[in-house]
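Q: The following file, coords_34.txt, comprises compact mmCIF, C-alpha atoms:
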```
# COMPACT_ATOMS: atom_id res chain seq x y z
CA MET A 1 -4.30 138.21 250.30
CA LYS A 2 -2.12 136.49 252.88
CA LEU A 3 -1.30 132.86 252.14
CA ARG A 4 -1.32 129.90 254.50
CA LEU A 5 0.42 126.57 254.16
CA ALA A 6 -0.72 123.02 253.67
CA VAL A 7 1.48 119.97 253.74
CA LEU A 8 1.25 117.01 251.43
CA LEU A 9 3.16 113.78 251.90
CA THR A 10 3.82 111.85 248.72
CA GLY A 11 6.41 109.14 248.46
CA GLY A 12 7.91 110.10 251.81
CA VAL A 13 8.48 113.74 250.90
CA ILE A 14 6.85 116.65 252.65
CA THR A 15 5.95 119.43 250.24
CA LEU A 16 4.68 122.86 251.08
CA ALA A 17 1.80 124.32 249.12
CA ALA A 18 0.24 127.76 249.12
CA CYS A 19 -3.17 127.96 250.75
CA SER A 20 -5.72 130.73 250.78
CA PRO A 21 -7.58 131.61 254.00
CA THR A 22 -11.19 132.68 254.12
CA LYS A 23 -10.19 135.54 256.40
CA ALA A 24 -6.98 136.52 258.12
CA ALA A 25 -8.20 136.02 261.67
CA GLN A 26 -9.51 132.51 261.07
CA PRO A 27 -7.49 131.03 258.20
CA THR A 28 -8.91 127.86 256.69
CA PRO A 29 -6.31 126.17 254.46
CA VAL A 30 -7.30 124.68 251.13
CA ALA A 31 -4.52 122.73 249.48
CA GLU A 32 -3.53 123.78 246.00
CA SER A 33 -1.01 122.25 243.62
CA THR A 34 2.26 120.84 244.92
CA SER A 35 5.19 118.94 243.58
CA ALA A 36 6.80 115.93 245.18
CA THR A 37 9.60 113.48 244.63
CA SER A 38 9.96 109.98 245.98
CA THR A 39 12.38 108.93 248.68
CA THR A 40 12.79 105.78 250.68
CA SER A 41 10.51 105.84 253.77
CA SER A 42 8.44 103.57 256.28
CA SER A 43 5.87 102.19 259.24
CA SER A 44 4.14 100.63 262.18
CA ALA A 45 5.54 101.90 265.45
CA ALA A 46 6.48 99.73 268.41
CA PRO A 47 5.30 101.01 271.80
CA SER A 48 7.67 103.48 273.45
CA SER A 49 7.11 106.51 275.65
CA SER A 50 10.25 108.41 274.73
CA SER A 51 13.12 108.60 272.27
CA ALA A 52 16.03 107.60 274.47
CA ALA A 53 19.51 106.88 273.24
CA PRO A 54 20.33 103.20 272.73
CA THR A 55 22.39 101.48 275.38
CA SER A 56 26.06 100.79 274.80
CA SER A 57 25.51 97.05 274.68
CA THR A 58 23.47 97.34 271.50
CA THR A 59 25.12 100.23 269.70
CA LYS A 60 27.29 100.09 266.63
CA SER A 61 29.70 103.00 266.63
CA ALA A 62 30.07 105.05 263.47
CA THR A 63 32.80 107.31 264.85
CA ASN A 64 35.74 105.48 263.20
CA GLY A 65 37.80 106.24 266.26
CA PRO A 66 37.71 108.94 268.92
CA VAL A 67 37.02 112.54 267.97
CA LYS A 68 39.77 114.93 269.02
CA PRO A 69 38.36 117.48 271.48
CA PRO A 70 38.48 121.10 270.36
CA ALA A 71 41.28 123.33 271.62
CA ASN A 72 38.70 125.98 272.59
CA PRO A 73 35.54 124.26 273.78
CA GLY A 74 32.37 126.31 273.50
CA THR A 75 29.83 127.18 276.15
CA PRO A 76 26.45 125.46 275.81
CA ALA A 77 23.35 127.26 277.00
CA PRO A 78 22.75 126.33 280.66
CA ALA A 79 20.37 123.41 281.10
CA GLY A 80 16.77 124.57 281.09
CA SER A 81 17.50 127.89 279.36
CA PRO A 82 14.34 129.24 277.68
CA GLY A 83 14.31 129.91 273.96
CA TRP A 84 14.94 133.65 274.34
CA LYS A 85 18.39 132.89 275.76
CA LEU A 86 19.53 130.74 272.83
CA THR A 87 22.04 131.98 270.24
CA GLN A 88 23.97 130.54 267.33
CA GLY A 89 26.97 130.33 269.65
CA ASN A 90 25.39 128.32 272.47
CA THR A 91 23.50 125.71 270.44
CA GLY A 92 24.58 122.96 268.07
CA LEU A 93 28.23 122.38 267.30
CA ALA A 94 29.36 125.87 268.26
CA ALA A 95 28.33 125.24 271.85
CA HIS A 96 31.04 122.57 271.95
CA GLY A 97 33.73 124.51 270.11
CA LEU A 98 33.14 122.57 266.88
CA ASN A 99 32.13 123.49 263.35
CA CYS A 100 31.07 121.55 260.26
CA ASP A 101 34.28 121.96 258.32
CA SER A 102 36.46 120.69 261.17
CA LEU A 103 34.73 117.30 261.36
CA PRO A 104 35.82 114.18 259.47
CA VAL A 105 33.49 113.00 256.72
CA TYR A 106 31.02 110.24 257.54
CA THR A 107 31.45 107.33 255.11
CA GLY A 108 28.67 105.08 256.37
CA PRO A 109 25.32 104.29 254.73
CA GLY A 110 22.52 106.79 254.26
CA SER A 111 20.18 104.30 255.96
CA PRO A 112 22.15 103.20 259.03
CA GLY A 113 21.14 100.10 260.93
CA SER A 114 19.46 99.84 264.31
CA GLY A 115 21.85 100.52 267.19
CA THR A 116 24.05 102.92 265.23
CA VAL A 117 25.65 105.90 266.96
CA ILE A 118 27.14 108.58 264.70
CA SER A 119 29.34 110.97 266.68
CA GLY A 120 31.58 113.81 265.54
CA LYS A 121 31.01 113.44 261.79
CA ARG A 122 30.29 115.67 258.81
CA ILE A 123 27.47 113.92 256.98
CA GLU A 124 27.28 115.00 253.34
CA GLN A 125 24.22 112.97 252.38
CA SER A 126 20.59 112.83 253.45
CA LEU A 127 19.71 110.27 256.11
CA THR A 128 16.86 107.76 256.46
CA LEU A 129 16.71 106.63 260.10
CA PHE A 130 13.79 104.22 259.74
CA ALA A 131 15.71 101.38 261.44
CA GLY A 132 15.36 103.21 264.77
CA ASN A 133 17.51 102.96 267.89
CA ILE A 134 19.84 105.47 266.24
CA THR A 135 21.66 108.40 267.84
CA ILE A 136 23.43 111.24 266.04
CA GLU A 137 25.46 113.59 268.21
CA LYS A 138 27.97 116.43 267.77
CA SER A 139 27.74 116.01 264.01
CA CYS A 140 26.99 118.19 261.01
CA ILE A 141 24.27 116.99 258.64
CA ARG A 142 25.00 119.09 255.56
CA PRO A 143 24.20 117.26 252.30
CA ASN A 144 25.70 118.53 249.06
CA ARG A 145 23.00 116.88 246.92
CA LEU A 146 19.33 116.15 247.46
CA ASP A 147 16.18 115.41 245.47
CA GLU A 148 13.94 118.46 245.27
CA ALA A 149 11.53 118.69 248.24
CA ALA A 150 13.13 115.73 250.05
CA PRO A 151 13.92 116.03 253.78
CA LEU A 152 17.51 116.13 254.99
CA VAL A 153 16.69 113.63 257.72
CA THR A 154 13.63 111.39 257.95
CA THR A 155 12.44 108.55 260.15
CA ASN A 156 9.98 107.42 257.46
CA GLY A 157 10.36 104.08 255.77
CA PRO A 158 8.89 102.60 252.56
CA CYS A 159 5.81 104.35 251.18
CA GLY A 160 2.65 103.08 249.56
CA SER A 161 0.22 105.08 247.48
CA ASN A 162 -1.24 107.00 250.43
CA SER A 163 1.15 106.69 253.36
CA CYS A 164 4.66 105.89 254.53
CA GLN A 165 5.76 103.50 257.24
CA VAL A 166 6.88 104.89 260.60
CA THR A 167 9.97 103.95 262.55
CA GLY A 168 9.28 101.48 265.33
CA ALA A 169 12.09 102.58 267.67
CA PRO A 170 13.52 105.84 269.03
CA VAL A 171 15.74 108.24 267.07
CA THR A 172 17.78 110.97 268.77
CA ILE A 173 19.66 113.90 267.20
CA ARG A 174 21.48 116.15 269.66
CA ASP A 175 24.17 118.83 269.88
CA SER A 176 24.45 118.90 266.09
CA ASN A 177 23.96 121.17 263.08
CA ILE A 178 21.40 120.40 260.38
CA ASP A 179 22.31 122.65 257.49
CA GLY A 180 20.88 123.06 253.99
CA SER A 181 23.30 125.77 252.90
CA LYS A 182 25.10 123.60 250.32
CA LEU A 183 21.82 123.16 248.40
CA SER A 184 19.98 125.63 246.19
CA ALA A 185 16.92 127.44 247.51
CA SER A 186 14.77 125.82 244.82
CA THR A 187 15.88 122.35 246.01
CA ILE A 188 15.09 122.87 249.69
CA ALA A 189 12.25 125.44 249.65
CA LYS A 190 9.66 122.66 250.14
CA SER A 191 11.91 120.48 252.31
CA CYS A 192 12.09 119.91 256.06
CA ALA A 193 15.35 119.61 257.95
CA PHE A 194 13.76 116.79 259.97
CA LEU A 195 10.62 114.86 259.01
CA GLY A 196 9.03 112.15 261.14
CA VAL A 197 9.11 111.49 264.89
CA GLY A 198 12.03 111.53 267.30
CA THR A 199 13.98 113.47 269.92
CA LEU A 200 15.85 116.61 268.80
CA GLN A 201 17.88 118.39 271.47
CA ARG A 202 20.17 121.43 271.38
CA ASN A 203 20.60 121.45 267.60
CA TYR A 204 21.28 124.43 265.34
CA ILE A 205 19.09 124.16 262.22
CA THR A 206 19.55 126.53 259.29
CA GLY A 207 19.48 126.98 255.51
CA MET A 208 16.27 124.99 254.98
CA GLY A 209 12.77 125.63 253.67
CA SER A 210 11.23 124.39 256.93
CA GLY A 211 12.80 123.18 260.15
CA ILE A 212 11.35 120.53 262.47
CA CYS A 213 8.39 118.65 260.96
CA PHE A 214 6.59 116.14 263.17
CA TYR A 215 4.55 114.44 260.47
CA ASN A 216 3.85 110.76 259.87
CA THR A 217 4.45 110.25 263.58
CA GLY A 218 2.71 106.89 263.84
CA SER A 219 0.77 105.85 266.92
CA SER A 220 3.26 104.85 269.62
CA LEU A 221 6.43 106.94 269.96
CA SER A 222 6.61 110.20 271.85
CA GLY A 223 8.36 113.22 270.35
CA LEU A 224 10.54 115.98 271.81
CA ALA A 225 12.07 119.16 270.41
CA GLU A 226 14.11 120.82 273.16
CA GLY A 227 16.71 123.58 273.15
CA ASN A 228 16.95 123.83 269.35
CA TYR A 229 17.58 127.05 267.43
CA VAL A 230 15.93 127.19 263.99
CA ARG A 231 16.78 130.18 261.81
CA GLY A 232 17.97 131.25 258.36
CA LEU A 233 15.20 129.48 256.46
CA ARG A 234 14.98 130.04 252.69
CA THR A 235 12.22 129.92 250.11
CA ALA A 236 11.63 129.82 246.36
CA GLY A 237 8.68 129.66 243.97
CA ASP A 238 5.31 129.06 245.63
CA ALA A 239 6.73 127.41 248.77
CA HIS A 240 5.58 128.54 252.18
CA ASN A 241 7.69 127.83 255.19
CA ASP A 242 7.38 126.70 258.81
CA GLY A 243 10.01 127.00 261.51
CA ALA A 244 8.41 123.91 263.00
CA THR A 245 5.16 122.08 262.37
CA VAL A 246 2.97 119.25 263.68
CA ARG A 247 0.62 117.57 261.18
CA ASP A 248 -0.48 114.45 263.08
CA PHE A 249 -0.08 113.03 266.58
CA PRO A 250 -2.96 110.63 267.33
CA LEU A 251 -3.51 108.89 270.66
CA ASP A 252 -5.79 106.07 269.51
CA ARG A 253 -3.23 103.32 270.24
CA ASN A 254 -1.16 104.95 272.97
CA ALA A 255 -3.02 107.52 275.06
CA GLY A 256 0.12 108.25 277.08
CA ARG A 257 2.37 109.42 274.26
CA THR A 258 3.37 113.08 274.36
CA LEU A 259 4.80 115.66 271.98
CA THR A 260 6.76 118.52 273.55
CA PHE A 261 8.32 121.72 272.19
CA ARG A 262 10.38 123.04 275.11
CA ASN A 263 12.86 125.94 275.29
CA ASN A 264 13.41 126.30 271.54
CA ARG A 265 14.07 129.44 269.54
CA ILE A 266 12.24 129.20 266.23
CA ASP A 267 12.49 131.95 263.62
CA CYS A 268 10.52 131.75 260.37
CA SER A 269 11.41 134.86 258.34
CA THR A 270 11.52 133.89 254.67
CA GLY A 271 8.92 136.42 253.51
CA GLN A 272 6.64 133.48 252.61
CA ASP A 273 5.98 132.41 256.18
CA THR A 274 3.26 130.25 257.57
CA GLY A 275 4.76 130.84 261.00
CA ALA A 276 7.26 129.77 263.62
CA LEU A 277 5.17 126.83 264.93
CA PHE A 278 2.19 125.68 262.85
CA ILE A 279 0.00 122.92 264.33
CA GLN A 280 -2.57 121.64 261.85
CA THR A 281 -4.46 118.32 261.74
CA TYR A 282 -3.67 117.79 258.07
CA GLY A 283 -2.50 114.18 258.41
CA GLY A 284 -4.52 113.04 261.43
CA ASP A 285 -5.75 113.93 264.89
CA ILE A 286 -3.36 115.75 267.26
CA ASP A 287 -3.34 115.75 271.06
CA ASN A 288 -1.06 115.80 274.13
CA VAL A 289 1.11 118.62 272.74
CA THR A 290 2.88 120.99 275.13
CA VAL A 291 4.53 124.19 273.86
CA GLU A 292 6.57 125.69 276.70
CA GLY A 293 9.45 128.12 277.15
CA ASN A 294 9.91 128.89 273.44
CA LEU A 295 10.74 132.09 271.59
CA LEU A 296 8.69 132.20 268.39
CA GLU A 297 9.80 134.77 265.80
CA GLY A 298 9.20 135.87 262.23
CA GLY A 299 6.29 136.45 259.87
CA GLY A 300 2.86 134.88 259.71
CA TYR A 301 1.08 133.85 262.89
CA GLN A 302 3.83 132.69 265.18
CA LEU A 303 1.74 129.94 266.81
CA GLY A 304 -1.15 128.41 264.90
CA LEU A 305 -3.59 125.73 266.06
CA GLU A 306 -5.95 124.38 263.39
CA SER A 307 -8.56 121.67 263.26
CA SER A 308 -8.90 120.85 259.57
CA HIS A 309 -9.11 118.23 256.82
CA GLY A 310 -11.68 116.19 258.75
CA ASN A 311 -9.37 115.70 261.75
CA GLN A 312 -9.35 117.35 265.18
CA TYR A 313 -6.96 118.52 267.85
CA GLY A 314 -7.71 117.19 271.31
CA ARG A 315 -8.41 118.51 274.80
CA ASN A 316 -4.84 118.41 276.11
CA MET A 317 -3.11 121.11 274.09
CA LYS A 318 -0.98 123.43 276.26
CA SER A 319 0.87 126.70 275.61
CA ILE A 320 2.84 127.88 278.65
CA ASN A 321 5.43 130.62 279.22
CA ASN A 322 6.27 131.35 275.59
CA ARG A 323 7.51 134.61 274.04
CA PHE A 324 6.43 136.04 270.68
CA THR A 325 8.07 138.82 268.70
CA GLY A 326 4.59 139.84 267.53
CA SER A 327 5.49 140.65 263.94
CA GLY A 328 3.77 139.24 260.88
CA TRP A 329 0.05 138.60 261.40
CA GLY A 330 0.26 138.38 265.19
CA ALA A 331 1.24 136.10 268.02
CA ALA A 332 -1.29 133.25 267.74
CA TYR A 333 -4.63 132.09 266.35
CA VAL A 334 -6.97 129.12 266.62
CA THR A 335 -9.19 127.65 263.90
CA ALA A 336 -11.61 125.38 265.78
CA ASN A 337 -13.80 124.24 262.86
CA GLY A 338 -16.56 123.01 265.14
CA VAL A 339 -14.35 121.44 267.78
CA GLY A 340 -15.83 123.73 270.44
CA TYR A 341 -12.67 124.17 272.54
CA LYS A 342 -9.28 125.81 272.06
CA TRP A 343 -6.07 125.55 274.10
CA ALA A 344 -6.66 123.54 277.27
CA VAL A 345 -3.99 125.68 278.92
CA TRP A 346 -2.94 129.15 277.74
CA GLN A 347 -0.75 130.51 280.51
CA ASP A 348 2.03 133.11 280.96
CA ASN A 349 2.48 133.80 277.26
CA PHE A 350 3.93 137.25 276.47
CA LEU A 351 5.24 139.39 273.67
CA LEU A 352 9.02 139.57 273.83
CA ASP A 353 10.62 142.53 275.61
CA PRO A 354 14.37 141.85 275.88
CA ASN A 355 14.75 144.63 278.46
CA ALA A 356 12.03 143.39 280.81
CA PRO A 357 12.48 140.80 283.56
CA ASP A 358 12.27 137.34 282.01
CA ALA A 359 11.67 139.10 278.65
CA LYS A 360 7.99 139.59 279.57
CA GLY A 361 6.39 142.32 277.47
CA LYS A 362 2.66 142.68 277.00
CA ALA A 363 0.55 139.63 277.63
CA ALA A 364 -0.30 137.62 274.53
CA GLY A 365 -4.08 137.37 274.70
CA THR A 366 -5.77 133.99 274.52
CA PRO A 367 -6.47 133.27 270.83
```
Give the structure from this file in structure tokens form.

A:
Amino acid sequence: MKLRLAVLLTGGVITLAACSPTKAAQPTPVAESTSATSTTSSSSAAPSSSSAAPTSSTTKSATNGPVKPPANPGTPAPAGSPGWKLTQGNTGLAAHGLNCDSLPVYTGPGSPGSGTVISGKRIEQSLTLFAGNITIEKSCIRPNRLDEAAPLVTTNGPCGSNSCQVTGAPVTIRDSNIDGSKLSASTIAKSCAFLGVGTLQRNYITGMGSGICFYNTGSSLSGLAEGNYVRGLRTAGDAHNDGATVRDFPLDRNAGRTLTFRNNRIDCSTGQDTGALFIQTYGGDIDNVTVEGNLLEGGGYQLGLESSHGNQYGRNMKSINNRFTGSGWGAAYVTANGVGYKWAVWQDNFLLDPNAPDAKGKAAGTP
């Protein structure tokens, strides 16, 4: 029997648990046992419509001086490139002629203060960005130690018995590498590279159990994942893995907030895959999500939309101009669980054909 994934948040840590569907075409997750460890995490979000970088008048530089430009600068993917044009060489540090080992070590705190900008650093510890108004750019987040199942980067703050606090101000990570390769597979198999809410742009994410996890997103901040390449995920034990996932994004306090996955390449190929992008209302209602211009690869269903755990997805869920490799269980599925509607927009989604114009193979039927 194929297995699906459920996510549990305990003490600020996202853990991935095996779940058993009732049938392959309409999987209904039922959480089984998980393990979790505690990390520092936290809470109520201040209103904001985007995760913009802080202005120079309020920032506190963590560069420790200027970063020497590379002798052979790289070539970033052109602005607006869809996910099927992304490579390891045109995303993250490599796009700027940089690599992790060439960067000076970051010696600042693991929980930097509001207004901090970290630029051109090799960060060898996990990060808690709960203070908000934080930007990380052209850096390598590659911890050499981590509690089992803890995220590499989180915007969560202190946790109570049932929930963690949410950052109240924007967090941005761009043009960087987030890399779990220095950690054992058993340590990171149930970990996310990023956990919380924020803006992630043009990053190369690898060596993790799961990639981008928008979970514990609060009620005010918008989220954006744009131009990222997620690949090389690893697994161990009973972990199941997501390239990216959304587990809550409610609109009850800010109807205008949006969550966007645009022009990413997301590959989930561990052999214990939930899928490239798994949207499930495990932690709360989800709405105003747009999935556009992405290449979704790997095993499992490559795009899942589930109403579950007593919560519902809303009427403004959009999937536009995506490409699917079509392996695993198939391109996409929907579990409505009585909601009565599916994707509000399902438009121009195709199986990947690298030799066809705009990589358009066969149409991916509406799930």

Q: Write out as a PDB file with C-alpha atoms, in the frame of the given file which residues come within 6 Å of Gly243 in chain A when counting all atoms listed in the file, dropping same-chain ones fewer than 3 positions away.

A:
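part.pdb written:
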```pdb
ATOM      1  CA  SER A 210      11.230 124.390 256.930  1.00  0.00           C
ATOM      2  CA  GLY A 211      12.800 123.180 260.150  1.00  0.00           C
ATOM      3  CA  ILE A 266      12.240 129.200 266.230  1.00  0.00           C
ATOM      4  CA  ASP A 267      12.490 131.950 263.620  1.00  0.00           C
ATOM      5  CA  CYS A 268      10.520 131.750 260.370  1.00  0.00           C
ATOM      6  CA  ALA A 276       7.260 129.770 263.620  1.00  0.00           C
ATOM      7  CA  LEU A 277       5.170 126.830 264.930  1.00  0.00           C
TER       8      LEU A 277
END
```

Q: Closest to Gly361 in chain A among A:Phe324, A:Gln347, A:Asn337, A:Asn144, using all atoms listed in the file?

A: A:Phe324

Q: Nearest residue to Thr206 in chain A out of A:Ile141, A:Val339, A:Leu251, A:Val246, using only C-alpha atoms?

A: A:Ile141

Q: May I ask which of the residues A:Cys213, A:Val230, A:Leu221, A:Ala359 is the closest one to Gln280 in chain A, counting all atoms listed in the file?

A: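 Counting all atoms listed in the file, the residue closest to Gln280 in chain A is A:Cys213.
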
Q: Excluding same-chain residues fewer than 5 positions from Ala185 in chain A, what lies within 9 Å of it counting only C-alpha atoms, as a list in words?

A: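 Using only C-alpha atoms, the neighbours found are Gly180, Gly207, Met208, Gly209, Arg234, Thr235 and Ala236 of chain A.
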
Q: For Phe278 in chain A, please output as an mmCIF file with C-alpha atoms, in the frame of the given file all residues within 7 Å (counting only C-alpha atoms; exclusion window: fewer than 6 positions along the same chain).

A:
```
data_model
loop_
_atom_site.group_PDB
_atom_site.id
_atom_site.type_symbol
_atom_site.label_atom_id
_atom_site.label_comp_id
_atom_site.auth_asym_id
_atom_site.auth_seq_id
_atom_site.Cartn_x
_atom_site.Cartn_y
_atom_site.Cartn_z
ATOM 1 C CA ASP A 242 7.380 126.700 258.810
ATOM 2 C CA ALA A 244 8.410 123.910 263.000
ATOM 3 C CA THR A 245 5.160 122.080 262.370
ATOM 4 C CA VAL A 246 2.970 119.250 263.680
ATOM 5 C CA LEU A 303 1.740 129.940 266.810
ATOM 6 C CA GLY A 304 -1.150 128.410 264.900
ATOM 7 C CA LEU A 305 -3.590 125.730 266.060
#
```

Q: Determine the nearest neighbour of Asn288 in chain A from the options A:Ala331, A:Asp273, A:Val345, A:Ile178, counting all atoms listed in the file.

A: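 Result for the nearest residue to Asn288 in chain A: A:Val345.
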